[in-house]
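Peer 1: To start, I am sharing the structure in question, which I have written as structure tokens.
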Amino acid sequence: MVVETLAMICIQRAFGIDLPFTSAVLVLAALNLATLVPVVPGNLGVYEGAVVLIYTRLGVSAEQAVGVAVVQHACFFAALALPGYAWLAGAGASRSTAAAS
């Protein structure tokens, strides 16, 4: 949770949003509640909607909030999915090598 909060703060700063640390905690809490029940694969749309809702309530423009939400979701998805894809690619390569032997 701490790393997720720090990542949110980094993304906020990258977009030029200067909000206090507690805003990232609020976004993370709302996000965890919104994605508690997986309704759609990858929480696509639910994730962005929760983040945009909180940021707009904190005074961020809707356009900027959507940008932050999309980049944030992409970063978190990449951090979760890429290691698995790398492992699968390595496992597939070792299987094909074993099958060729």
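The way I read the labels, and the way they are meant: chains A, B, ... in the order of the structure tokens, residue 1 as the first residue of every chain, and ligand 1 as the first ligand shown, with later ones counted on from there.
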Just want the 12 Å neighbourhood of Gly49 in chain A, counted on only C-alpha atoms, with same-chain residues fewer than 4 positions away dropped. Output as number ranges by chain.
Peer 2: A: 27, 30-31, 34-35, 43-45, 53-56, 62, 65-70, 73
Peer 1: For the selection you just gave me, I'd like the residues written to a file as a compact mmCIF listing (two decimals), in the first residue's frame, keeping all heavy atoms.
Peer 2:
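Final output, selection_16.txt:
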# COMPACT_ATOMS: atom_id res chain seq x y z
N VAL A 27 -7.43 8.60 -2.54
CA VAL A 27 -7.62 7.97 -3.85
C VAL A 27 -7.43 6.47 -3.75
O VAL A 27 -8.22 5.69 -4.30
CB VAL A 27 -6.66 8.58 -4.90
CG1 VAL A 27 -6.69 7.79 -6.19
CG2 VAL A 27 -6.99 10.03 -5.17
N ALA A 30 -10.48 4.89 -1.96
CA ALA A 30 -11.65 4.83 -2.85
C ALA A 30 -11.45 3.79 -3.93
O ALA A 30 -12.38 3.06 -4.30
CB ALA A 30 -11.88 6.20 -3.47
N LEU A 31 -10.24 3.70 -4.43
CA LEU A 31 -9.92 2.73 -5.47
C LEU A 31 -10.06 1.30 -4.96
O LEU A 31 -10.63 0.44 -5.64
CB LEU A 31 -8.50 2.98 -5.96
CG LEU A 31 -8.01 2.20 -7.14
CD1 LEU A 31 -8.91 2.41 -8.34
CD2 LEU A 31 -6.61 2.65 -7.47
N ALA A 34 -13.77 0.58 -4.67
CA ALA A 34 -14.43 0.46 -5.97
C ALA A 34 -14.08 -0.83 -6.69
O ALA A 34 -14.89 -1.38 -7.42
CB ALA A 34 -14.07 1.66 -6.84
N THR A 35 -12.87 -1.31 -6.49
CA THR A 35 -12.43 -2.52 -7.19
C THR A 35 -12.49 -3.77 -6.32
O THR A 35 -11.92 -4.79 -6.67
CB THR A 35 -10.99 -2.33 -7.73
OG1 THR A 35 -10.11 -2.07 -6.64
CG2 THR A 35 -10.93 -1.21 -8.75
N ASN A 43 -10.61 -4.48 -14.09
CA ASN A 43 -11.30 -3.31 -13.52
C ASN A 43 -11.28 -2.12 -14.47
O ASN A 43 -11.26 -0.96 -14.05
CB ASN A 43 -10.70 -2.92 -12.17
CG ASN A 43 -10.96 -3.97 -11.12
OD1 ASN A 43 -12.07 -4.46 -11.00
ND2 ASN A 43 -9.93 -4.33 -10.39
N LEU A 44 -11.27 -2.40 -15.77
CA LEU A 44 -11.22 -1.36 -16.78
C LEU A 44 -12.47 -0.50 -16.70
O LEU A 44 -13.59 -0.98 -16.78
CB LEU A 44 -11.09 -1.98 -18.17
CG LEU A 44 -10.77 -1.03 -19.29
CD1 LEU A 44 -9.42 -0.36 -19.04
CD2 LEU A 44 -10.76 -1.75 -20.62
N GLY A 45 -12.30 0.76 -16.50
CA GLY A 45 -13.41 1.71 -16.39
C GLY A 45 -13.78 1.98 -14.94
O GLY A 45 -13.97 3.12 -14.56
N LEU A 53 -13.32 10.40 -10.05
CA LEU A 53 -14.29 10.94 -9.08
C LEU A 53 -13.58 11.63 -7.92
O LEU A 53 -13.93 12.76 -7.56
CB LEU A 53 -15.19 9.81 -8.55
CG LEU A 53 -16.18 10.22 -7.47
CD1 LEU A 53 -17.27 11.09 -8.07
CD2 LEU A 53 -16.77 9.01 -6.80
N ILE A 54 -12.60 10.99 -7.35
CA ILE A 54 -11.91 11.58 -6.20
C ILE A 54 -11.10 12.80 -6.60
O ILE A 54 -11.14 13.83 -5.93
CB ILE A 54 -11.01 10.53 -5.50
CG1 ILE A 54 -11.85 9.37 -4.98
CG2 ILE A 54 -10.20 11.16 -4.38
CD1 ILE A 54 -12.94 9.77 -3.99
N TYR A 55 -10.35 12.70 -7.70
CA TYR A 55 -9.54 13.85 -8.11
C TYR A 55 -10.39 15.07 -8.46
O TYR A 55 -10.02 16.19 -8.13
CB TYR A 55 -8.62 13.49 -9.28
CG TYR A 55 -7.36 12.80 -8.87
CD1 TYR A 55 -6.96 11.61 -9.46
CD2 TYR A 55 -6.53 13.32 -7.88
CE1 TYR A 55 -5.81 10.97 -9.08
CE2 TYR A 55 -5.37 12.68 -7.49
CZ TYR A 55 -5.01 11.51 -8.10
OH TYR A 55 -3.86 10.88 -7.71
N THR A 56 -11.52 14.86 -9.10
CA THR A 56 -12.38 16.02 -9.41
C THR A 56 -12.96 16.61 -8.14
O THR A 56 -13.13 17.83 -8.05
CB THR A 56 -13.51 15.64 -10.39
OG1 THR A 56 -14.25 14.54 -9.88
CG2 THR A 56 -12.96 15.32 -11.77
N ALA A 62 -11.36 17.72 -14.84
CA ALA A 62 -11.77 16.39 -15.30
C ALA A 62 -10.81 15.82 -16.33
O ALA A 62 -10.48 14.63 -16.30
CB ALA A 62 -13.18 16.44 -15.87
N ALA A 65 -7.69 14.74 -14.56
CA ALA A 65 -7.99 13.57 -13.73
C ALA A 65 -8.08 12.30 -14.58
O ALA A 65 -7.60 11.24 -14.17
CB ALA A 65 -9.28 13.78 -12.96
N VAL A 66 -8.66 12.40 -15.77
CA VAL A 66 -8.74 11.24 -16.66
C VAL A 66 -7.33 10.82 -17.10
O VAL A 66 -7.01 9.63 -17.11
CB VAL A 66 -9.64 11.53 -17.88
CG1 VAL A 66 -9.50 10.44 -18.94
CG2 VAL A 66 -11.08 11.67 -17.46
N GLY A 67 -6.50 11.78 -17.43
CA GLY A 67 -5.13 11.47 -17.82
C GLY A 67 -4.37 10.77 -16.71
O GLY A 67 -3.68 9.77 -16.94
N VAL A 68 -4.49 11.29 -15.51
CA VAL A 68 -3.82 10.68 -14.35
C VAL A 68 -4.34 9.25 -14.14
O VAL A 68 -3.56 8.33 -13.90
CB VAL A 68 -4.03 11.53 -13.08
CG1 VAL A 68 -3.57 10.78 -11.84
CG2 VAL A 68 -3.32 12.85 -13.19
N ALA A 69 -5.65 9.07 -14.23
CA ALA A 69 -6.25 7.75 -14.01
C ALA A 69 -5.76 6.73 -15.02
O ALA A 69 -5.42 5.60 -14.67
CB ALA A 69 -7.77 7.86 -14.05
N VAL A 70 -5.70 7.12 -16.29
CA VAL A 70 -5.27 6.19 -17.33
C VAL A 70 -3.80 5.82 -17.17
O VAL A 70 -3.42 4.65 -17.25
CB VAL A 70 -5.56 6.78 -18.73
CG1 VAL A 70 -4.90 5.96 -19.82
CG2 VAL A 70 -7.06 6.88 -18.97
N HIS A 73 -3.38 3.59 -14.04
CA HIS A 73 -3.84 2.22 -14.27
C HIS A 73 -2.87 1.47 -15.17
O HIS A 73 -2.56 0.30 -14.93
CB HIS A 73 -5.24 2.23 -14.88
CG HIS A 73 -5.95 0.93 -14.76
ND1 HIS A 73 -7.18 0.70 -15.30
CD2 HIS A 73 -5.61 -0.25 -14.17
CE1 HIS A 73 -7.56 -0.53 -15.05
NE2 HIS A 73 -6.62 -1.13 -14.36
Peer 1: When you look at Met1 in chain A with a cut-off of 12 Å (counting only C-alpha atoms), what residues show up, excluding the ones that are within fewer than 6 positions of it in the same chain? I need them as a PyMOL selection string.
Peer 2: chain A and resi 7-8+24-29+31-32
Peer 1: Just to be explicit: take each residue in the selection above, keep C-alpha atoms, and write the result as a CSV table (one decimal), in the first residue's frame.
Peer 2:
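And here is the file that came out, selection09.csv:
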chain,number,residue,atom,x,y,z
A,7,ALA,CA,3.5,5.8,-7.1
A,8,MET,CA,0.3,7.8,-7.0
A,24,ALA,CA,-3.2,9.9,-2.5
A,25,VAL,CA,-4.3,7.9,0.5
A,26,LEU,CA,-7.9,9.0,-0.2
A,27,VAL,CA,-7.6,8.0,-3.9
A,28,LEU,CA,-6.2,4.6,-2.9
A,29,ALA,CA,-8.9,4.0,-0.3
A,31,LEU,CA,-9.9,2.7,-5.5
A,32,ASN,CA,-9.7,-0.3,-3.2
Peer 1: Would you compute the distance between CA of Ile17 in chain A and CA of Val51 in chain A? Give it in Å to one decimal.
Peer 2: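 Separation of CA of Ile17 in chain A and CA of Val51 in chain A: 13.7 Å.
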Peer 1: What is the CA of Ser23 in chain A to CA of Leu58 in chain A distance in Å?
Peer 2: 7.8 Å
